[in-house]
Amino acid sequence: MFNMFEVATFTIILSAVLILYRLVVGPFVFNRILAVNFFGTKTVVIMLLVGFMYGRPDMFIDIAFVYVLINFTAVLAFLKYVESGRFDN
Amino acid sequence: MIDVAIPLFLVVCGIAVLLVKDLMSSIMIFSVYSLLIAIEWVRLNAIDVAITEAAVGAGISTVLFMIILSRTKSVEECKKSISIPALLVAVGVAGVLLYGSVDLPNLRDPNIAPSTHVSPYYLENAYKQTGQENAVAAILASYRGYDTLGETTVVATAAFCLILLLRGRRHTNKDLKKYEDTSINKCTVKGVGIKPTKTSPPGSEQDKDIIKKTVTKFLMPFIQLFGLYVIVHGELGPGGGFQGGVVLGVSIIVYSLVFGFKEAQQRMSVKAKDLLVSSGVLIYGGIGVLALFFGGNYLQYNVLLPDPKFASIIGILGIEIGVGITVAAVMITLFYETVRIDANG
């Protein structure tokens with residue numbers, strides 16, 4: 001019998017497949033930006049679920065925080081490049 | 001389930017990075033690749049490595065790739081042709097690696113060499129000898145303290161080399177014209193050409209970034225507080241000087257991305273950042289020298305205070321702070337110096 005966390009992980013990985021398709025195929029750059037952002041969110045959730053499965057979520061929340069912050073930065077950099085094409089303004 | 005899906009995603013991402021035509025998409029897929037690798041680290045219970053991969057792989061390197069991209073072109077011009085010798089070498093290396101992976105031990109087997117050889121010693125003695133609850137921090141800061149000092153110095157030296165290479169350059173008009181010819185600022189990514197029609201009245205132009213700016217303004221103290229927490233908390237949980245330093249550096253980079261490069265330089269000037277690069281290494285080395293004055297060996301923390309265990313904790317905290325300052329300043333250096341090339345000329 002599966003427990004709740006395993007079912008949740010399974011579901012999120014299924015949705016990650018769809019996002020991966022959009023990331024690889026995605027005709028426009030905006031599809032990809034959104035896909036990267038989505039994937040960051042999914043990663044955070046998967047990490048927390050793994051943390052619950054290992055029985056020590058407190059450690060994994062630290063990493064989840066770093067991921068949220070870092071993914072935010074990466075997406076900001078993509079958007080800045082798309083907007084102006086340069087970083088020194 | 002995770003064990004099958006994540007490696008499969010990794011392979012898909014790896015192939016996609018090569019096949020995608022424009023470089024920006026490659027960078028994006030590569031940042032997702034980095035996220036996936038970090039899930040693998042979490043799965044293997046290597047939390048400290050996962051947090052490093054998160055901070056460096058997915059964050060800083062993506063931003064740096066984007067900066068480099070803003071100085072070149074985004075789309076490949078020449079047609080790809082397959083070179084037969086290169087293909088043979090690549091296939092050969094892949095074959096050798098696959099052959100080697102057959103002999104890798106099963107990670108869940110408790111009798112493999114990594115689980116029986118050195119790690120039991122650290123796991124048993126780390127807390128007793130250094131007072132660190134996180135064995136990784138104990139190994140990094142105490143058992144392998146000299147190595148970490150070396151690493152911090154190497155990171156600082158890399159930053160100095162970057163400063164020497166890029167800052168001294170004065171651009172002549174000819175150089176600038178060369179840049180214009182290669183059309184650095186021309187953004188040729190597909191889909192970017194669609195500019196939104198301007199419906200806002202004149203005067204509201206300044207406020208187009210208002211959501212981004214407000215969110216960042218509120219987020220900034222929390223990012224920096226979290227960076228400090230990761231540095232200080234290294235002895236109890238995952239993290240430490242390197243990871244916390246990267247988070248601190250990222251906070252300035254976010255500020256620069258949102259508020260502009262000039263504004264960021266008013267918050268963290270180039271001169272202050274240069275001083276911080278070396279002062280972090282000085283703190284680390286200084287604690288080592290301090291231990292010499294108290295009659296111990298270099299970097300022997302437990303002589304610093306009357307209570308050896310407390311002294312060890314304080315000493316390790318001190319060097320974590322030193323590492324954090326250096327790494328944060330180096331990350332800002334990487335960003336500033338690569339962005340600044342034009343502004344300097």
# chains A, B, ... in the order shown; residues from 1 in each chain; ligands from 1
$ interface_residues --of "chain B" --to "chain A" --cutoff "8 Å" --atoms "only C-alpha atoms" --output "MDAnalysis selection string"
chainID B and resid 1:2 5 9 13 16 20 25 28:29 31:32 35:36 39 42:43 47 50:51 54:55 58:60 62:63 66:67 70:71 185:187 189:192 223 237:238 247 250 253:254 257:258 260:262 339:340 343
$ select_by_dssp --residues "range 15-150 of chain B" --states "helix (DSSP H, G or I)" --output "mmCIF file with N, CA and C atoms, in the first residue's frame"
data_model
loop_
_atom_site.group_PDB
_atom_site.id
_atom_site.type_symbol
_atom_site.label_atom_id
_atom_site.label_comp_id
_atom_site.auth_asym_id
_atom_site.auth_seq_id
_atom_site.Cartn_x
_atom_site.Cartn_y
_atom_site.Cartn_z
ATOM 1 N N ILE B 15 20.262 15.838 -23.543
ATOM 2 C CA ILE B 15 20.185 15.793 -25.006
ATOM 3 C C ILE B 15 19.587 17.093 -25.539
ATOM 4 N N ALA B 16 18.579 17.613 -24.822
ATOM 5 C CA ALA B 16 17.917 18.824 -25.289
ATOM 6 C C ALA B 16 18.867 20.013 -25.295
ATOM 7 N N VAL B 17 19.759 20.094 -24.289
ATOM 8 C CA VAL B 17 20.725 21.202 -24.232
ATOM 9 C C VAL B 17 21.545 21.244 -25.512
ATOM 10 N N LEU B 18 21.899 20.055 -26.017
ATOM 11 C CA LEU B 18 22.727 20.009 -27.216
ATOM 12 C C LEU B 18 21.929 20.346 -28.472
ATOM 13 N N LEU B 19 20.681 19.910 -28.514
ATOM 14 C CA LEU B 19 19.940 20.008 -29.764
ATOM 15 C C LEU B 19 19.288 21.367 -29.966
ATOM 16 N N LEU B 23 21.053 29.750 -27.711
ATOM 17 C CA LEU B 23 21.799 29.481 -26.480
ATOM 18 C C LEU B 23 20.987 29.786 -25.236
ATOM 19 N N MET B 24 20.073 30.747 -25.314
ATOM 20 C CA MET B 24 19.302 31.083 -24.123
ATOM 21 C C MET B 24 18.460 29.896 -23.665
ATOM 22 N N SER B 25 17.867 29.195 -24.641
ATOM 23 C CA SER B 25 17.088 28.013 -24.280
ATOM 24 C C SER B 25 17.999 26.951 -23.675
ATOM 25 N N SER B 26 19.219 26.837 -24.225
ATOM 26 C CA SER B 26 20.170 25.875 -23.663
ATOM 27 C C SER B 26 20.426 26.181 -22.195
ATOM 28 N N ILE B 27 20.618 27.485 -21.886
ATOM 29 C CA ILE B 27 20.897 27.865 -20.507
ATOM 30 C C ILE B 27 19.723 27.524 -19.613
ATOM 31 N N MET B 28 18.514 27.781 -20.119
ATOM 32 C CA MET B 28 17.327 27.478 -19.314
ATOM 33 C C MET B 28 17.227 25.991 -19.019
ATOM 34 N N ILE B 29 17.415 25.182 -20.061
ATOM 35 C CA ILE B 29 17.310 23.732 -19.859
ATOM 36 C C ILE B 29 18.420 23.279 -18.915
ATOM 37 N N PHE B 30 19.575 23.931 -19.027
ATOM 38 C CA PHE B 30 20.686 23.554 -18.157
ATOM 39 C C PHE B 30 20.374 23.889 -16.698
ATOM 40 N N SER B 31 19.654 24.982 -16.472
ATOM 41 C CA SER B 31 19.323 25.314 -15.081
ATOM 42 C C SER B 31 18.327 24.301 -14.521
ATOM 43 N N VAL B 32 17.432 23.787 -15.376
ATOM 44 C CA VAL B 32 16.528 22.726 -14.922
ATOM 45 C C VAL B 32 17.322 21.453 -14.642
ATOM 46 N N TYR B 33 18.321 21.183 -15.491
ATOM 47 C CA TYR B 33 19.211 20.037 -15.263
ATOM 48 C C TYR B 33 19.832 20.115 -13.874
ATOM 49 N N SER B 34 20.248 21.326 -13.520
ATOM 50 C CA SER B 34 20.865 21.522 -12.212
ATOM 51 C C SER B 34 19.872 21.273 -11.077
ATOM 52 N N LEU B 35 18.622 21.698 -11.275
ATOM 53 C CA LEU B 35 17.584 21.422 -10.269
ATOM 54 C C LEU B 35 17.397 19.926 -10.086
ATOM 55 N N LEU B 36 17.416 19.200 -11.226
ATOM 56 C CA LEU B 36 17.191 17.753 -11.156
ATOM 57 C C LEU B 36 18.336 17.061 -10.418
ATOM 58 N N ILE B 37 19.565 17.504 -10.724
ATOM 59 C CA ILE B 37 20.730 16.929 -10.035
ATOM 60 C C ILE B 37 20.582 17.120 -8.535
ATOM 61 N N ALA B 38 20.076 18.298 -8.145
ATOM 62 C CA ALA B 38 19.929 18.564 -6.715
ATOM 63 C C ALA B 38 18.903 17.635 -6.079
ATOM 64 N N ILE B 39 17.833 17.288 -6.837
ATOM 65 C CA ILE B 39 16.874 16.314 -6.287
ATOM 66 C C ILE B 39 17.585 14.985 -6.053
ATOM 67 N N GLU B 40 18.479 14.612 -6.991
ATOM 68 C CA GLU B 40 19.238 13.371 -6.801
ATOM 69 C C GLU B 40 20.062 13.425 -5.508
ATOM 70 N N TRP B 41 20.709 14.576 -5.261
ATOM 71 C CA TRP B 41 21.508 14.696 -4.032
ATOM 72 C C TRP B 41 20.636 14.539 -2.806
ATOM 73 N N VAL B 42 19.445 15.167 -2.853
ATOM 74 C CA VAL B 42 18.530 15.042 -1.716
ATOM 75 C C VAL B 42 18.141 13.585 -1.526
ATOM 76 N N ARG B 43 17.882 12.917 -2.640
ATOM 77 C CA ARG B 43 17.495 11.513 -2.608
ATOM 78 C C ARG B 43 18.603 10.666 -1.966
ATOM 79 N N ILE B 47 22.514 16.373 2.026
ATOM 80 C CA ILE B 47 21.801 17.649 2.060
ATOM 81 C C ILE B 47 22.745 18.818 1.827
ATOM 82 N N ASP B 48 23.940 18.746 2.387
ATOM 83 C CA ASP B 48 24.885 19.855 2.224
ATOM 84 C C ASP B 48 25.253 20.060 0.763
ATOM 85 N N VAL B 49 25.424 18.936 0.036
ATOM 86 C CA VAL B 49 25.750 19.048 -1.382
ATOM 87 C C VAL B 49 24.566 19.621 -2.146
ATOM 88 N N ALA B 50 23.345 19.188 -1.758
ATOM 89 C CA ALA B 50 22.153 19.679 -2.454
ATOM 90 C C ALA B 50 22.027 21.179 -2.298
ATOM 91 N N ILE B 51 22.301 21.685 -1.106
ATOM 92 C CA ILE B 51 22.141 23.113 -0.861
ATOM 93 C C ILE B 51 23.196 23.889 -1.653
ATOM 94 N N THR B 52 24.399 23.306 -1.821
ATOM 95 C CA THR B 52 25.423 23.965 -2.629
ATOM 96 C C THR B 52 25.033 23.976 -4.092
ATOM 97 N N GLU B 53 24.549 22.830 -4.558
ATOM 98 C CA GLU B 53 24.121 22.738 -5.953
ATOM 99 C C GLU B 53 23.010 23.745 -6.236
ATOM 100 N N ALA B 54 22.098 23.888 -5.262
ATOM 101 C CA ALA B 54 21.002 24.841 -5.431
ATOM 102 C C ALA B 54 21.555 26.243 -5.596
ATOM 103 N N ALA B 55 22.465 26.616 -4.692
ATOM 104 C CA ALA B 55 22.929 27.999 -4.680
ATOM 105 C C ALA B 55 23.830 28.287 -5.864
ATOM 106 N N VAL B 56 24.768 27.397 -6.153
ATOM 107 C CA VAL B 56 25.766 27.694 -7.177
ATOM 108 C C VAL B 56 25.298 27.257 -8.553
ATOM 109 N N GLY B 57 24.839 25.999 -8.664
ATOM 110 C CA GLY B 57 24.510 25.457 -9.976
ATOM 111 C C GLY B 57 23.314 26.135 -10.607
ATOM 112 N N ALA B 58 22.204 26.179 -9.854
ATOM 113 C CA ALA B 58 20.975 26.690 -10.454
ATOM 114 C C ALA B 58 20.944 28.209 -10.454
ATOM 115 N N GLY B 59 21.586 28.843 -9.485
ATOM 116 C CA GLY B 59 21.472 30.293 -9.360
ATOM 117 C C GLY B 59 22.585 31.059 -10.017
ATOM 118 N N ILE B 60 23.740 31.082 -9.347
ATOM 119 C CA ILE B 60 24.828 31.954 -9.786
ATOM 120 C C ILE B 60 25.273 31.622 -11.203
ATOM 121 N N SER B 61 25.462 30.320 -11.509
ATOM 122 C CA SER B 61 26.022 30.016 -12.820
ATOM 123 C C SER B 61 25.023 30.374 -13.916
ATOM 124 N N THR B 62 23.727 30.225 -13.646
ATOM 125 C CA THR B 62 22.742 30.630 -14.649
ATOM 126 C C THR B 62 22.830 32.126 -14.918
ATOM 127 N N VAL B 63 22.908 32.916 -13.835
ATOM 128 C CA VAL B 63 22.987 34.367 -14.000
ATOM 129 C C VAL B 63 24.255 34.731 -14.771
ATOM 130 N N LEU B 64 25.388 34.075 -14.436
ATOM 131 C CA LEU B 64 26.638 34.402 -15.124
ATOM 132 C C LEU B 64 26.568 34.019 -16.603
ATOM 133 N N PHE B 65 25.960 32.844 -16.890
ATOM 134 C CA PHE B 65 25.781 32.453 -18.291
ATOM 135 C C PHE B 65 24.988 33.511 -19.041
ATOM 136 N N MET B 66 23.938 34.021 -18.385
ATOM 137 C CA MET B 66 23.108 35.013 -19.061
ATOM 138 C C MET B 66 23.901 36.285 -19.337
ATOM 139 N N ILE B 67 24.757 36.669 -18.378
ATOM 140 C CA ILE B 67 25.550 37.884 -18.603
ATOM 141 C C ILE B 67 26.485 37.685 -19.787
ATOM 142 N N ILE B 68 27.127 36.509 -19.834
ATOM 143 C CA ILE B 68 28.024 36.239 -20.953
ATOM 144 C C ILE B 68 27.243 36.261 -22.262
ATOM 145 N N LEU B 69 26.021 35.704 -22.209
ATOM 146 C CA LEU B 69 25.188 35.661 -23.412
ATOM 147 C C LEU B 69 24.860 37.068 -23.891
ATOM 148 N N ILE B 84 34.045 13.382 -37.356
ATOM 149 C CA ILE B 84 34.101 11.938 -37.064
ATOM 150 C C ILE B 84 35.072 11.619 -35.913
ATOM 151 N N PRO B 85 36.319 12.174 -35.894
ATOM 152 C CA PRO B 85 37.215 11.851 -34.768
ATOM 153 C C PRO B 85 36.642 12.278 -33.425
ATOM 154 N N ALA B 86 36.009 13.467 -33.390
ATOM 155 C CA ALA B 86 35.430 13.938 -32.131
ATOM 156 C C ALA B 86 34.312 13.005 -31.676
ATOM 157 N N LEU B 87 33.505 12.570 -32.624
ATOM 158 C CA LEU B 87 32.406 11.653 -32.295
ATOM 159 C C LEU B 87 32.958 10.350 -31.718
ATOM 160 N N LEU B 88 34.042 9.845 -32.367
ATOM 161 C CA LEU B 88 34.641 8.599 -31.887
ATOM 162 C C LEU B 88 35.145 8.754 -30.462
ATOM 163 N N VAL B 89 35.836 9.895 -30.205
ATOM 164 C CA VAL B 89 36.367 10.122 -28.852
ATOM 165 C C VAL B 89 35.232 10.188 -27.847
ATOM 166 N N ALA B 90 34.158 10.924 -28.200
ATOM 167 C CA ALA B 90 33.036 11.075 -27.270
ATOM 168 C C ALA B 90 32.393 9.734 -26.970
ATOM 169 N N VAL B 91 32.156 8.954 -28.044
ATOM 170 C CA VAL B 91 31.534 7.641 -27.844
ATOM 171 C C VAL B 91 32.458 6.743 -27.021
ATOM 172 N N GLY B 92 33.764 6.829 -27.305
ATOM 173 C CA GLY B 92 34.725 6.011 -26.551
ATOM 174 C C GLY B 92 34.695 6.342 -25.073
ATOM 175 N N VAL B 93 34.735 7.658 -24.752
ATOM 176 C CA VAL B 93 34.721 8.068 -23.341
ATOM 177 C C VAL B 93 33.431 7.617 -22.670
ATOM 178 N N ALA B 94 32.305 7.793 -23.386
ATOM 179 C CA ALA B 94 31.028 7.374 -22.816
ATOM 180 C C ALA B 94 31.033 5.872 -22.554
ATOM 181 N N GLY B 95 31.601 5.110 -23.502
ATOM 182 C CA GLY B 95 31.658 3.664 -23.330
ATOM 183 C C GLY B 95 32.487 3.271 -22.123
ATOM 184 N N VAL B 96 33.662 3.929 -21.970
ATOM 185 C CA VAL B 96 34.535 3.614 -20.832
ATOM 186 C C VAL B 96 33.825 3.928 -19.522
ATOM 187 N N LEU B 97 33.130 5.089 -19.481
ATOM 188 C CA LEU B 97 32.418 5.478 -18.251
ATOM 189 C C LEU B 97 31.315 4.482 -17.923
ATOM 190 N N LEU B 98 30.579 4.061 -18.963
ATOM 191 C CA LEU B 98 29.514 3.089 -18.727
ATOM 192 C C LEU B 98 30.097 1.784 -18.209
ATOM 193 N N TYR B 99 31.230 1.356 -18.824
ATOM 194 C CA TYR B 99 31.880 0.128 -18.391
ATOM 195 C C TYR B 99 32.325 0.258 -16.937
ATOM 196 N N GLY B 100 32.849 1.460 -16.586
ATOM 197 C CA GLY B 100 33.282 1.666 -15.213
ATOM 198 C C GLY B 100 32.120 1.658 -14.236
ATOM 199 N N SER B 101 30.959 2.146 -14.688
ATOM 200 C CA SER B 101 29.827 2.233 -13.760
ATOM 201 C C SER B 101 29.287 0.859 -13.399
ATOM 202 N N VAL B 102 29.659 -0.170 -14.174
ATOM 203 C CA VAL B 102 29.197 -1.529 -13.836
ATOM 204 C C VAL B 102 29.765 -1.953 -12.483
ATOM 205 N N ALA B 113 32.834 0.109 0.763
ATOM 206 C CA ALA B 113 33.986 0.801 1.351
ATOM 207 C C ALA B 113 33.649 2.182 1.934
ATOM 208 N N PRO B 114 32.898 3.042 1.259
ATOM 209 C CA PRO B 114 32.643 4.370 1.833
ATOM 210 C C PRO B 114 31.919 4.312 3.174
ATOM 211 N N SER B 115 31.091 3.277 3.396
ATOM 212 C CA SER B 115 30.366 3.212 4.662
ATOM 213 C C SER B 115 31.167 2.553 5.767
ATOM 214 N N THR B 116 32.207 1.791 5.413
ATOM 215 C CA THR B 116 32.920 1.056 6.462
ATOM 216 C C THR B 116 34.286 1.646 6.762
ATOM 217 N N SER B 119 34.138 6.937 7.216
ATOM 218 C CA SER B 119 33.004 7.682 7.785
ATOM 219 C C SER B 119 32.612 7.256 9.201
ATOM 220 N N PRO B 120 32.687 5.953 9.585
ATOM 221 C CA PRO B 120 32.305 5.631 10.961
ATOM 222 C C PRO B 120 33.127 6.385 11.997
ATOM 223 N N TYR B 121 34.425 6.596 11.681
ATOM 224 C CA TYR B 121 35.275 7.323 12.628
ATOM 225 C C TYR B 121 34.745 8.729 12.857
ATOM 226 N N TYR B 122 34.434 9.427 11.729
ATOM 227 C CA TYR B 122 33.937 10.792 11.860
ATOM 228 C C TYR B 122 32.604 10.817 12.584
ATOM 229 N N LEU B 123 31.706 9.883 12.207
ATOM 230 C CA LEU B 123 30.373 9.909 12.793
ATOM 231 C C LEU B 123 30.443 9.665 14.297
ATOM 232 N N GLU B 124 31.389 8.810 14.737
ATOM 233 C CA GLU B 124 31.498 8.538 16.171
ATOM 234 C C GLU B 124 32.164 9.682 16.921
ATOM 235 N N ASN B 125 33.230 10.249 16.331
ATOM 236 C CA ASN B 125 34.055 11.174 17.097
ATOM 237 C C ASN B 125 33.788 12.642 16.849
ATOM 238 N N ALA B 126 33.054 12.969 15.774
ATOM 239 C CA ALA B 126 32.928 14.380 15.401
ATOM 240 C C ALA B 126 32.325 15.202 16.532
ATOM 241 N N TYR B 127 31.244 14.692 17.128
ATOM 242 C CA TYR B 127 30.595 15.497 18.160
ATOM 243 C C TYR B 127 31.455 15.571 19.408
ATOM 244 N N LYS B 128 32.063 14.452 19.783
ATOM 245 C CA LYS B 128 32.889 14.434 21.001
ATOM 246 C C LYS B 128 34.096 15.363 20.865
ATOM 247 N N GLN B 129 34.723 15.362 19.685
ATOM 248 C CA GLN B 129 35.984 16.090 19.554
ATOM 249 C C GLN B 129 35.797 17.554 19.183
ATOM 250 N N THR B 130 34.738 17.884 18.420
ATOM 251 C CA THR B 130 34.618 19.263 17.957
ATOM 252 C C THR B 130 33.372 19.971 18.465
ATOM 253 N N ALA B 135 28.125 16.501 11.183
ATOM 254 C CA ALA B 135 29.451 15.930 10.957
ATOM 255 C C ALA B 135 30.125 16.552 9.737
ATOM 256 N N VAL B 136 29.318 16.979 8.752
ATOM 257 C CA VAL B 136 29.914 17.580 7.559
ATOM 258 C C VAL B 136 30.647 18.867 7.928
ATOM 259 N N ALA B 137 30.011 19.684 8.793
ATOM 260 C CA ALA B 137 30.653 20.934 9.217
ATOM 261 C C ALA B 137 31.916 20.633 10.009
ATOM 262 N N ALA B 138 31.864 19.577 10.831
ATOM 263 C CA ALA B 138 33.045 19.228 11.621
ATOM 264 C C ALA B 138 34.212 18.845 10.718
ATOM 265 N N ILE B 139 33.919 18.037 9.679
ATOM 266 C CA ILE B 139 34.995 17.618 8.779
ATOM 267 C C ILE B 139 35.551 18.823 8.032
ATOM 268 N N LEU B 140 34.628 19.666 7.545
ATOM 269 C CA LEU B 140 35.028 20.801 6.720
ATOM 270 C C LEU B 140 35.866 21.804 7.507
ATOM 271 N N ALA B 141 35.443 22.091 8.720
ATOM 272 C CA ALA B 141 36.062 23.197 9.444
ATOM 273 C C ALA B 141 37.151 22.729 10.387
ATOM 274 N N SER B 142 37.045 21.507 10.881
ATOM 275 C CA SER B 142 37.998 21.095 11.901
ATOM 276 C C SER B 142 38.996 20.056 11.393
ATOM 277 N N TYR B 143 38.486 18.875 10.973
ATOM 278 C CA TYR B 143 39.411 17.825 10.527
ATOM 279 C C TYR B 143 40.152 18.243 9.271
ATOM 280 N N GLY B 145 40.462 21.476 8.204
ATOM 281 C CA GLY B 145 40.489 22.933 8.283
ATOM 282 C C GLY B 145 41.476 23.560 7.329
ATOM 283 N N TYR B 146 42.647 22.921 7.147
ATOM 284 C CA TYR B 146 43.648 23.482 6.237
ATOM 285 C C TYR B 146 43.128 23.481 4.809
ATOM 286 N N ASP B 147 42.436 22.368 4.430
ATOM 287 C CA ASP B 147 41.899 22.293 3.071
ATOM 288 C C ASP B 147 40.925 23.430 2.814
ATOM 289 N N THR B 148 40.050 23.667 3.805
ATOM 290 C CA THR B 148 39.047 24.708 3.616
ATOM 291 C C THR B 148 39.711 26.074 3.528
ATOM 292 N N LEU B 149 40.759 26.272 4.325
ATOM 293 C CA LEU B 149 41.505 27.537 4.223
ATOM 294 C C LEU B 149 42.056 27.691 2.812
ATOM 295 N N GLY B 150 42.617 26.569 2.279
ATOM 296 C CA GLY B 150 43.142 26.609 0.921
ATOM 297 C C GLY B 150 42.062 26.945 -0.086
#
$ residues_around --residues "range 162-166 of chain B" --least-positions-apart "6" --cutoff "9 Å" --atoms "only C-alpha atoms" --output "JSON, numbers by chain"
{"B": [333, 334, 337, 338, 340, 341]}
$ write_last_selection --atoms "N, CA and C atoms" --output "mmCIF file, in the first residue's frame"
data_model
loop_
_atom_site.group_PDB
_atom_site.id
_atom_site.type_symbol
_atom_site.label_atom_id
_atom_site.label_comp_id
_atom_site.auth_asym_id
_atom_site.auth_seq_id
_atom_site.Cartn_x
_atom_site.Cartn_y
_atom_site.Cartn_z
ATOM 1 N N THR B 333 31.717 40.015 -6.872
ATOM 2 C CA THR B 333 32.782 40.370 -7.803
ATOM 3 C C THR B 333 32.525 39.777 -9.179
ATOM 4 N N LEU B 334 32.177 38.478 -9.193
ATOM 5 C CA LEU B 334 31.913 37.826 -10.482
ATOM 6 C C LEU B 334 30.847 38.594 -11.250
ATOM 7 N N GLU B 337 32.128 42.504 -12.091
ATOM 8 C CA GLU B 337 33.210 42.674 -13.057
ATOM 9 C C GLU B 337 32.808 42.223 -14.452
ATOM 10 N N THR B 338 31.953 41.183 -14.547
ATOM 11 C CA THR B 338 31.540 40.788 -15.892
ATOM 12 C C THR B 338 30.541 41.777 -16.466
ATOM 13 N N ARG B 340 30.471 45.002 -15.768
ATOM 14 C CA ARG B 340 31.019 46.352 -15.840
ATOM 15 C C ARG B 340 31.862 46.651 -17.066
ATOM 16 N N ILE B 341 32.228 45.654 -17.874
ATOM 17 C CA ILE B 341 33.237 45.860 -18.914
ATOM 18 C C ILE B 341 32.950 47.113 -19.737
#
$ atom_distance --atom1 "CA of Gly324 in chain B" --atom2 "CA of Val118 in chain B"
27.8 Å
$ residues_around --residues "Ile319 in chain B" --least-positions-apart "4" --cutoff "12 Å" --atoms "only C-alpha atoms" --output "short mmCIF file (atom, residue, chain, number, x, y, z; two decimals) with C-alpha atoms, in the first residue's frame"
data_model
loop_
_atom_site.label_atom_id
_atom_site.label_comp_id
_atom_site.auth_asym_id
_atom_site.auth_seq_id
_atom_site.Cartn_x
_atom_site.Cartn_y
_atom_site.Cartn_z
CA ALA B 137 30.65 20.93 9.22
CA ALA B 138 33.05 19.23 11.62
CA LEU B 140 35.03 20.80 6.72
CA ALA B 141 36.06 23.20 9.44
CA SER B 142 38.00 21.09 11.90
CA GLY B 145 40.49 22.93 8.28
CA TYR B 146 43.65 23.48 6.24
CA THR B 148 39.05 24.71 3.62
CA LEU B 149 41.51 27.54 4.22
CA THR B 152 38.80 29.94 0.51
CA ILE B 231 26.22 30.59 7.76
CA VAL B 232 25.66 30.47 11.51
CA GLY B 234 26.14 25.28 9.71
CA GLU B 235 27.09 23.46 12.87
CA GLY B 240 27.74 26.74 6.27
CA GLY B 241 30.00 29.50 5.08
CA PHE B 242 30.04 28.63 1.38
CA SER B 279 38.98 40.41 4.92
CA GLY B 280 37.16 37.06 4.95
CA VAL B 281 40.40 35.18 4.28
CA LEU B 282 42.10 37.37 6.89
CA ILE B 283 39.52 36.38 9.53
CA TYR B 284 40.09 32.70 8.73
CA GLY B 285 43.87 32.99 8.77
CA GLY B 286 43.74 35.30 11.79
CA ILE B 287 41.91 32.72 13.89
CA GLY B 288 44.66 30.25 12.98
CA LEU B 299 43.86 26.42 13.55
CA GLN B 300 43.66 24.40 16.77
CA TYR B 301 40.47 25.93 18.08
CA SER B 312 36.01 24.79 19.39
CA ILE B 313 32.43 25.84 18.60
CA ILE B 314 33.34 29.53 18.67
CA GLY B 315 36.44 28.98 16.52
CA VAL B 323 34.36 31.92 4.57
CA GLY B 324 30.89 33.44 4.23
CA ILE B 325 32.23 36.99 3.84
CA THR B 326 34.77 35.93 1.22
#
$ closest_residue --among "B:Phe259, B:Glu320, B:Ala158, B:Tyr336" --to "Gly244 in chain B" --atoms "only C-alpha atoms"
B:Glu320
